[in-house]
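Asker: My file is run_8.txt. It has compact mmCIF, C-alpha atoms:
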# COMPACT_ATOMS: atom_id res chain seq x y z
CA MET A 1 7.31 55.26 34.52
CA ALA A 2 10.79 56.85 34.57
CA ASP A 3 12.54 53.47 34.52
CA ARG A 4 10.80 52.08 31.46
CA ILE A 5 12.85 50.26 28.84
CA GLU A 6 13.36 52.51 25.82
CA LEU A 7 13.03 50.90 22.40
CA THR A 8 14.02 52.60 19.17
CA LEU A 9 11.21 52.66 16.61
CA ALA A 10 12.52 53.70 13.20
CA HIS A 11 10.22 54.70 10.37
CA SER A 12 10.34 56.35 6.98
CA PRO A 13 9.60 60.11 6.85
CA ASP A 14 6.43 59.80 4.76
CA SER A 15 3.06 60.60 6.26
CA ASP A 16 1.66 57.09 6.68
CA ASP A 17 4.65 55.86 8.72
CA LEU A 18 4.75 59.05 10.76
CA VAL A 19 1.13 58.94 11.90
CA MET A 20 1.10 55.26 12.86
CA TRP A 21 3.29 55.78 15.92
CA TRP A 22 2.25 59.08 17.52
CA PRO A 23 -0.13 57.23 19.88
CA LEU A 24 2.96 55.59 21.45
CA THR A 25 4.82 58.86 22.00
CA GLY A 26 2.11 61.49 22.51
CA MET A 27 1.01 64.49 20.47
CA HIS A 28 4.17 66.55 20.23
CA GLY A 29 5.95 68.96 17.94
CA PRO A 30 9.29 68.48 16.15
CA ASP A 31 11.23 69.41 19.29
CA GLY A 32 9.55 66.63 21.26
CA THR A 33 7.54 68.87 23.56
CA SER A 34 3.80 68.35 23.99
CA VAL A 35 1.50 70.86 22.33
CA ALA A 36 -1.29 73.02 23.67
CA GLY A 37 -4.36 70.97 24.51
CA ASP A 38 -2.40 67.78 25.01
CA ASP A 39 -0.88 66.52 28.24
CA GLY A 40 1.90 64.66 26.52
CA VAL A 41 0.69 61.27 27.76
CA PRO A 42 0.72 58.66 24.99
CA ALA A 43 -2.71 57.42 23.94
CA VAL A 44 -1.22 53.91 23.98
CA ALA A 45 0.88 53.69 27.13
CA SER A 46 2.99 50.90 28.60
CA VAL A 47 4.27 50.36 32.12
CA ARG A 48 7.39 48.59 30.84
CA PHE A 49 8.29 50.16 27.51
CA ALA A 50 8.84 53.62 26.07
CA PHE A 51 9.43 54.31 22.38
CA ARG A 52 11.91 56.68 20.75
CA THR A 53 11.00 57.29 17.13
CA LEU A 54 13.67 57.73 14.48
CA PRO A 55 12.62 59.01 11.03
CA GLU A 56 14.95 58.01 8.21
CA ASP A 57 14.89 57.32 4.47
CA VAL A 58 13.59 53.81 3.82
CA GLN A 59 16.66 52.64 1.88
CA VAL A 60 18.87 53.83 4.75
CA LEU A 61 16.69 51.76 7.10
CA ASN A 62 16.85 48.79 4.75
CA ARG A 63 20.64 48.86 4.70
CA ARG A 64 20.89 49.41 8.45
CA ALA A 65 18.56 46.50 9.19
CA ILE A 66 20.43 44.22 6.78
CA GLU A 67 23.95 45.22 7.79
CA ARG A 68 23.65 46.14 11.49
CA SER A 69 20.25 44.94 12.78
CA ASP A 70 20.61 47.28 15.75
CA LEU A 71 17.16 48.93 15.66
CA ASP A 72 14.60 47.35 17.99
CA ILE A 73 11.70 48.10 15.64
CA THR A 74 11.98 49.45 12.14
CA ALA A 75 10.17 50.05 8.91
CA ILE A 76 11.67 48.27 5.94
CA SER A 77 10.74 47.59 2.35
CA ALA A 78 9.13 44.18 1.91
CA HIS A 79 11.94 43.38 -0.54
CA ALA A 80 14.48 43.73 2.28
CA TYR A 81 12.88 41.17 4.59
CA PRO A 82 14.40 37.99 3.09
CA HIS A 83 17.83 39.51 3.75
CA LEU A 84 17.17 39.88 7.50
CA CYS A 85 14.46 37.35 8.33
CA ASN A 86 16.71 35.47 10.78
CA ARG A 87 17.01 38.58 12.95
CA TYR A 88 13.57 40.23 12.71
CA ARG A 89 9.91 39.21 12.74
CA ILE A 90 7.19 40.92 10.74
CA THR A 91 4.43 42.61 12.73
CA ALA A 92 0.86 42.18 11.54
CA CYS A 93 0.43 45.95 11.83
CA GLY A 94 2.27 48.77 10.14
CA ALA A 95 2.43 47.40 6.61
CA SER A 96 1.81 49.45 3.48
CA MET A 97 -0.10 47.49 0.85
CA GLY A 98 -0.81 48.68 -2.67
CA GLU A 99 -4.39 47.55 -3.16
CA GLY A 100 -4.59 48.08 -6.92
CA TYR A 101 -2.18 51.01 -6.83
CA GLY A 102 1.41 51.57 -5.88
CA PRO A 103 4.78 52.98 -6.95
CA LYS A 104 4.77 54.54 -10.37
CA LEU A 105 7.30 54.39 -13.16
CA VAL A 106 7.17 57.87 -14.68
CA CYS A 107 8.71 59.80 -17.57
CA LYS A 108 8.44 63.37 -18.82
CA ALA A 109 5.05 64.23 -20.29
CA ASP A 110 6.61 64.74 -23.74
CA SER A 111 8.67 61.53 -23.68
CA PRO A 112 8.22 59.24 -26.72
CA LEU A 113 7.95 56.23 -24.39
CA ALA A 114 4.43 54.82 -24.26
CA SER A 115 4.63 51.68 -22.11
CA LEU A 116 6.72 49.59 -19.75
CA ALA A 117 7.66 47.38 -22.68
CA GLU A 118 9.01 50.34 -24.64
CA ALA A 119 10.90 51.63 -21.63
CA MET A 120 12.53 48.27 -20.97
CA ALA A 121 13.39 47.84 -24.65
CA ALA A 122 15.08 51.25 -24.59
CA ASP A 123 17.09 50.04 -21.55
CA PRO A 124 17.41 53.37 -19.74
CA VAL A 125 18.99 53.79 -16.34
CA VAL A 126 16.06 53.95 -13.94
CA ALA A 127 16.20 56.32 -10.96
CA VAL A 128 15.04 54.24 -7.98
CA PRO A 129 14.57 55.04 -4.28
CA GLY A 130 16.74 52.08 -3.31
CA VAL A 131 17.69 48.70 -4.73
CA HIS A 132 16.09 46.99 -1.73
CA THR A 133 12.76 48.77 -2.14
CA THR A 134 9.76 46.76 -3.24
CA ALA A 135 9.32 49.23 -6.09
CA ALA A 136 12.68 48.18 -7.52
CA LEU A 137 11.93 44.49 -6.99
CA THR A 138 8.51 44.73 -8.64
CA LEU A 139 9.96 46.54 -11.64
CA SER A 140 12.52 43.74 -12.03
CA ILE A 141 9.83 41.06 -11.85
CA LEU A 142 7.63 42.82 -14.41
CA ALA A 143 10.64 43.39 -16.68
CA ASP A 144 11.41 39.68 -16.49
CA ASP A 145 7.84 38.93 -17.57
CA LEU A 146 8.53 40.92 -20.75
CA THR A 147 12.02 39.55 -21.41
CA PRO A 148 13.11 36.64 -19.23
CA GLY A 149 16.47 37.31 -17.64
CA HIS A 150 16.33 41.06 -18.25
CA ARG A 151 17.35 43.18 -15.26
CA PRO A 152 16.74 46.94 -15.44
CA ARG A 153 19.75 49.16 -14.84
CA MET A 154 19.14 51.18 -11.69
CA GLN A 155 20.60 54.23 -9.98
CA GLU A 156 19.74 54.83 -6.33
CA MET A 157 18.58 58.31 -5.35
CA LEU A 158 16.81 59.85 -2.39
CA PHE A 159 13.09 59.29 -3.07
CA SER A 160 12.30 63.02 -2.88
CA GLU A 161 14.87 63.87 -5.58
CA ILE A 162 13.60 61.47 -8.24
CA PRO A 163 10.69 63.55 -9.60
CA GLY A 164 12.96 66.54 -10.19
CA ALA A 165 15.70 64.40 -11.73
CA VAL A 166 13.26 62.98 -14.29
CA ALA A 167 11.61 66.35 -14.93
CA GLN A 168 15.04 67.91 -15.60
CA GLY A 169 16.04 65.13 -17.99
CA GLU A 170 18.75 63.57 -15.84
CA PHE A 171 16.93 60.24 -16.18
CA ALA A 172 14.43 59.15 -18.80
CA VAL A 173 12.37 57.24 -16.22
CA GLY A 174 12.12 57.05 -12.46
CA LEU A 175 10.27 55.14 -9.77
CA LEU A 176 8.11 57.23 -7.43
CA ILE A 177 7.11 56.24 -3.91
CA HIS A 178 5.51 58.04 -0.98
CA GLU A 179 3.46 61.19 -1.63
CA ALA A 180 5.22 61.80 -4.95
CA GLN A 181 2.83 59.18 -6.34
CA LEU A 182 0.08 61.80 -6.05
CA THR A 183 1.92 65.01 -7.04
CA PHE A 184 4.07 64.04 -10.05
CA GLU A 185 1.78 65.58 -12.67
CA GLN A 186 2.51 69.03 -11.22
CA MET A 187 6.12 68.55 -12.35
CA GLY A 188 5.26 67.67 -15.93
CA LEU A 189 5.54 63.90 -15.54
CA ARG A 190 3.25 61.08 -16.61
CA VAL A 191 2.85 57.42 -15.70
CA LEU A 192 4.25 54.61 -17.84
CA VAL A 193 3.05 51.94 -15.43
CA ASP A 194 1.50 51.83 -11.96
CA LEU A 195 3.36 48.92 -10.40
CA GLY A 196 0.64 48.21 -7.87
CA ALA A 197 -2.03 48.02 -10.56
CA ALA A 198 0.19 45.83 -12.76
CA TRP A 199 0.94 43.54 -9.82
CA GLY A 200 -2.76 43.27 -9.02
CA GLU A 201 -3.51 42.24 -12.59
CA ARG A 202 -0.68 39.71 -12.47
CA THR A 203 -1.50 38.11 -9.09
CA GLY A 204 -5.04 39.13 -8.17
CA GLY A 205 -3.84 40.56 -4.86
CA PRO A 206 -2.23 43.61 -3.26
CA LEU A 207 1.43 44.54 -3.62
CA PRO A 208 3.24 44.50 -0.24
CA LEU A 209 5.36 47.64 -0.13
CA GLY A 210 6.53 48.48 3.37
CA LEU A 211 6.67 46.31 6.46
CA ASN A 212 7.22 46.91 10.14
CA VAL A 213 9.59 44.45 11.81
CA VAL A 214 10.74 43.83 15.38
CA ARG A 215 13.91 42.17 16.63
CA ARG A 216 13.60 38.51 17.51
CA ASP A 217 15.75 38.79 20.65
CA LEU A 218 13.44 40.99 22.76
CA ASP A 219 12.49 38.07 25.03
CA GLU A 220 16.15 37.21 25.52
CA ARG A 221 16.99 40.81 26.35
CA PHE A 222 13.98 41.84 28.41
CA GLY A 223 12.23 38.68 29.56
CA THR A 224 9.75 36.13 28.30
CA GLY A 225 6.68 37.71 26.71
CA SER A 226 8.40 40.99 25.81
CA LEU A 227 8.15 40.44 22.06
CA ALA A 228 4.43 39.63 22.23
CA GLU A 229 3.82 42.62 24.52
CA VAL A 230 5.59 45.01 22.15
CA ALA A 231 3.64 43.59 19.21
CA ARG A 232 0.36 44.27 21.06
CA LEU A 233 1.43 47.86 21.73
CA LEU A 234 2.32 48.38 18.09
CA ASP A 235 -1.03 46.89 17.02
CA ALA A 236 -2.84 49.28 19.38
CA SER A 237 -0.92 52.31 18.13
CA VAL A 238 -1.74 51.76 14.47
CA ALA A 239 -5.38 51.00 15.28
CA HIS A 240 -5.66 54.19 17.35
CA ALA A 241 -4.03 56.33 14.65
CA ALA A 242 -6.32 54.92 11.97
CA ALA A 243 -9.44 55.39 14.09
CA ASN A 244 -8.53 58.97 15.00
CA ARG A 245 -7.87 60.46 11.57
CA GLU A 246 -8.24 64.12 12.60
CA ALA A 247 -5.70 63.73 15.40
CA SER A 248 -3.34 61.97 12.98
CA LYS A 249 -3.63 64.82 10.50
CA ARG A 250 -3.02 67.28 13.32
CA PHE A 251 0.22 65.46 14.11
CA LEU A 252 1.28 65.73 10.47
CA ARG A 253 0.58 69.46 10.43
CA LEU A 254 2.79 69.87 13.49
CA HIS A 255 5.64 68.24 11.54
CA ALA A 256 4.94 69.81 8.14
CA GLU A 257 7.99 72.07 7.90
CA GLY A 258 9.42 71.42 4.44
CA ARG A 259 6.47 69.20 3.55
CA GLU A 260 3.84 71.57 2.18
CA GLU A 261 1.80 68.64 0.88
CA TRP A 262 0.92 67.78 4.48
CA LEU A 263 -0.99 71.06 4.71
CA ASP A 264 -3.24 69.98 1.84
CA ASP A 265 -6.07 68.28 3.71
CA ALA A 266 -7.55 66.55 0.67
CA LEU A 267 -4.16 65.21 -0.45
CA VAL A 268 -3.34 63.91 3.03
CA ASP A 269 -6.74 62.21 3.27
CA ARG A 270 -6.22 60.56 -0.10
CA TYR A 271 -2.76 59.31 0.82
CA LEU A 272 -3.79 58.03 4.26
CA ASP A 273 -6.76 56.25 2.70
CA MET A 274 -4.27 54.44 0.48
CA TYR A 275 -1.55 53.59 2.98
CA VAL A 276 -3.12 53.60 6.46
CA SER A 277 -5.83 51.18 5.45
CA ALA A 278 -7.43 48.23 7.21
CA MET A 279 -4.48 46.15 5.99
CA SER A 280 -2.12 48.54 7.80
CA VAL A 281 -3.99 47.93 11.04
CA ASP A 282 -3.79 44.18 10.45
CA MET A 283 -2.53 42.65 7.20
CA GLY A 284 -4.65 39.54 7.83
CA SER A 285 -4.57 36.47 5.64
CA ALA A 286 -4.67 38.55 2.44
CA GLY A 287 -1.48 40.34 3.42
CA ARG A 288 0.27 37.13 4.31
CA GLU A 289 -0.72 35.57 1.00
CA ALA A 290 0.53 38.65 -0.85
CA LEU A 291 3.88 38.47 0.95
CA ALA A 292 4.23 34.78 0.14
CA LYS A 293 3.63 35.50 -3.57
CA LEU A 294 6.12 38.39 -3.63
CA PHE A 295 8.84 36.46 -1.78
CA GLY A 296 8.23 33.39 -3.93
CA GLU A 297 8.69 35.35 -7.15
CA ALA A 298 11.78 37.13 -5.82
CA THR A 299 13.38 33.82 -4.87
CA ARG A 300 12.40 32.12 -8.14
CA LEU A 301 14.13 34.84 -10.15
CA GLY A 302 17.18 35.02 -7.91
CA LEU A 303 16.32 38.57 -6.80
CA ALA A 304 16.25 37.77 -3.07
CA PRO A 305 17.20 34.86 -0.80
CA ASP A 306 14.52 32.45 0.40
CA ALA A 307 12.62 34.01 3.31
CA GLY A 308 11.51 30.60 4.58
CA GLU A 309 8.19 30.10 6.30
CA LEU A 310 6.33 33.39 6.70
CA ASP A 311 6.71 34.65 10.27
CA VAL A 312 4.24 37.30 11.45
CA ILE A 313 3.52 38.34 15.03
CA GLY A 314 0.38 40.03 16.36
CA GLY A 315 -2.92 40.89 14.74
CA ALA A 316 -6.19 39.03 14.84
CA LEU A 317 -4.59 35.78 13.67
CA GLY A 318 -2.46 35.95 16.76
CA GLU A 319 0.87 34.44 15.74
CA SER A 320 3.25 34.68 18.65
Starting from the file, give its structure as structure tokens.
Answerer:
Amino acid sequence: MADRIELTLAHSPDSDDLVMWWPLTGMHGPDGTSVAGDDGVPAVASVRFAFRTLPEDVQVLNRRAIERSDLDITAISAHAYPHLCNRYRITACGASMGEGYGPKLVCKADSPLASLAEAMAADPVVAVPGVHTTAALTLSILADDLTPGHRPRMQEMLFSEIPGAVAQGEFAVGLLIHEAQLTFEQMGLRVLVDLGAAWGERTGGPLPLGLNVVRRDLDERFGTGSLAEVARLLDASVAHAAANREASKRFLRLHAEGREEWLDDALVDRYLDMYVSAMSVDMGSAGREALAKLFGEATRLGLAPDAGELDVIGGALGES
């Protein structure tokens, strides 16, 4: 299989994205070498395609997909999709859905703020993990519900730096994503609003957070059927990772340098339960409906261009 076509598969560095793709690359350490007890053969193998993973901050991936569109497969925020829908298709697998929970707007524990309404009335600069993240979009939609036309002032920061910036008083409020959603209390922070819970109350459905997308031109580049074949491989990888939780946690432990939270078995289980769920394996009709609602609201408020007809490949519903 030395002559296989190599595709770049970019993902965010949080645990749910990381574990979804190890079945395509094999159980390996940070240096790429296989580990003891593993032969290095991917659990989900392809005769035609090989996958090179690229971990990167989600806002960096959002901008790269919007501005360059050079990655074959990439994680993006759902908010970013309308900006690149003519170049990428959504895969039915690999999504992160907030099913009654999601990004959190937090403040210091001793802050006088008591609600989203108070925070928006105070009009602070909000530390956000990227203006194209769904967290930022959802905050804008909820703020508009309170005061039509109001747009929160936002400052982009690396997601991992936001908890500390709020705890140190650099910002009165900040939006937390990834594992920080579970560890913020240890830094003396408290929740003003859980955006996923608020969105669920507003719409009755989950909040689409992250998506996996694949370039539309794979058939043109590599032959008819290539796009559908890659989608099937991606489906199989996420399904295998979800069904083999202990192996997925083992992969995280191998890559845990600088991420002590990945050594906390209970915390990892809790996070993977949230974001490598059945809807990550296949978003199904509920995921599609949730995306349509989010994109519709974003377009209505002028927060994103019209994404057009929803375009999803793979999964049980079988769009191709």
Asker: To one decimal in Å, tell me the separation between CA of Arg250 (chain A) and CA of Met27 (chain A).
Answerer: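 CA of Met27 (chain A) lies at a distance of 8.7 Å from CA of Arg250 (chain A).
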Asker: Tell me which protein, DNA and RNA residues are within 9 Å of Ser160 (chain A), counting all atoms listed in the file, leaving out same-chain ones fewer than 6 positions away, and put them as a PyMOL selection string.
Answerer: chain A and resi 129+176-178+180
Asker: Which is closest to Pro148 (chain A) among A:Ala165, A:Val60, A:Leu71, A:Met120, if we use all atoms listed in the file?
Answerer: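 Smallest separation from Pro148 (chain A) among the options: A:Met120.
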Asker: Choose the residue, out of A:Asp70, A:Asp110, A:Glu170, A:Glu185, that has the smallest atom-to-atom separation from Val125 (chain A); count all atoms listed in the file.
Answerer: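 The shortest atom-to-atom distance to Val125 (chain A) comes from A:Glu170.
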Asker: A:Ala228, A:Leu139, A:Met283, A:Val312: which is nearest Leu195 (chain A), counting only C-alpha atoms?
Answerer: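 Nearest candidate to Leu195 (chain A) out of A:Ala228, A:Leu139, A:Met283, A:Val312: A:Leu139.
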Asker: So which one's closest to Val44 (chain A), A:Leu24, A:Met274, A:Ala122, A:Leu61? Using all atoms listed in the file, please.
Answerer: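 With all atoms listed in the file as the atom set, the closest residue is A:Leu24.
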Asker: Between CA of Ser111 (chain A) and CA of Leu189 (chain A), what is the distance in Å, rounded to a tenth?
Answerer: 9.0 Å
Asker: Could you state the separation of CA of Val41 (chain A) and CA of Leu317 (chain A) in Å, given to one decimal place?
Answerer: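 CA of Leu317 (chain A) lies 29.6 Å from CA of Val41 (chain A).
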Asker: Leaving out Glu289 (chain A) and any residue of its chain fewer than 5 positions from it, which residues lie within 12 Å of it when counting all atoms listed in the file, given as a list in words?
Answerer: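 Answer for this query is Met97, Thr203, Gly204, Gly205, Pro206, Leu207, Pro208, Met283, Gly284, Leu294, Phe295, Gly296, Glu309, Leu310, Asp311 and Val312 of chain A.
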Asker: Would you please work out which residue, of A:Leu233, A:Ile76, A:Val238, A:Leu272, is nearest to Thr134 (chain A) when using only C-alpha atoms?
Answerer: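 Among the listed residues, A:Ile76 lies closest to Thr134 (chain A).
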Asker: Rank A:Ala242, A:Ala75, A:Ala119, A:Leu158 by their smallest atom-to-atom distance to Asp273 (chain A), using only C-alpha atoms, and report the top residue only.
Answerer: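 Of the candidates, the smallest distance to Asp273 (chain A) is held by A:Ala242.
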Asker: Name the residues, using the chain letters and numbers of the file, that sit within 7 Å of (-4.5, 71.4, 8.7) when counting all atoms listed in the file, and give them as a list in words.
Answerer: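 Every residue inside that radius is included here: Lys249, Arg250, Arg253, Leu263 and Asp265 of chain A.
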Asker: Go ahead and save the residues from that selection, with C-alpha atoms, as a PDB file, in the coordinates of the input.
Answerer:
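Result written to again-v5.pdb:
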ATOM      1  CA  LYS A 249      -3.630  64.820  10.500  1.00  0.00           C
ATOM      2  CA  ARG A 250      -3.020  67.280  13.320  1.00  0.00           C
ATOM      3  CA  ARG A 253       0.580  69.460  10.430  1.00  0.00           C
ATOM      4  CA  LEU A 263      -0.990  71.060   4.710  1.00  0.00           C
ATOM      5  CA  ASP A 265      -6.070  68.280   3.710  1.00  0.00           C
TER       6      ASP A 265
END
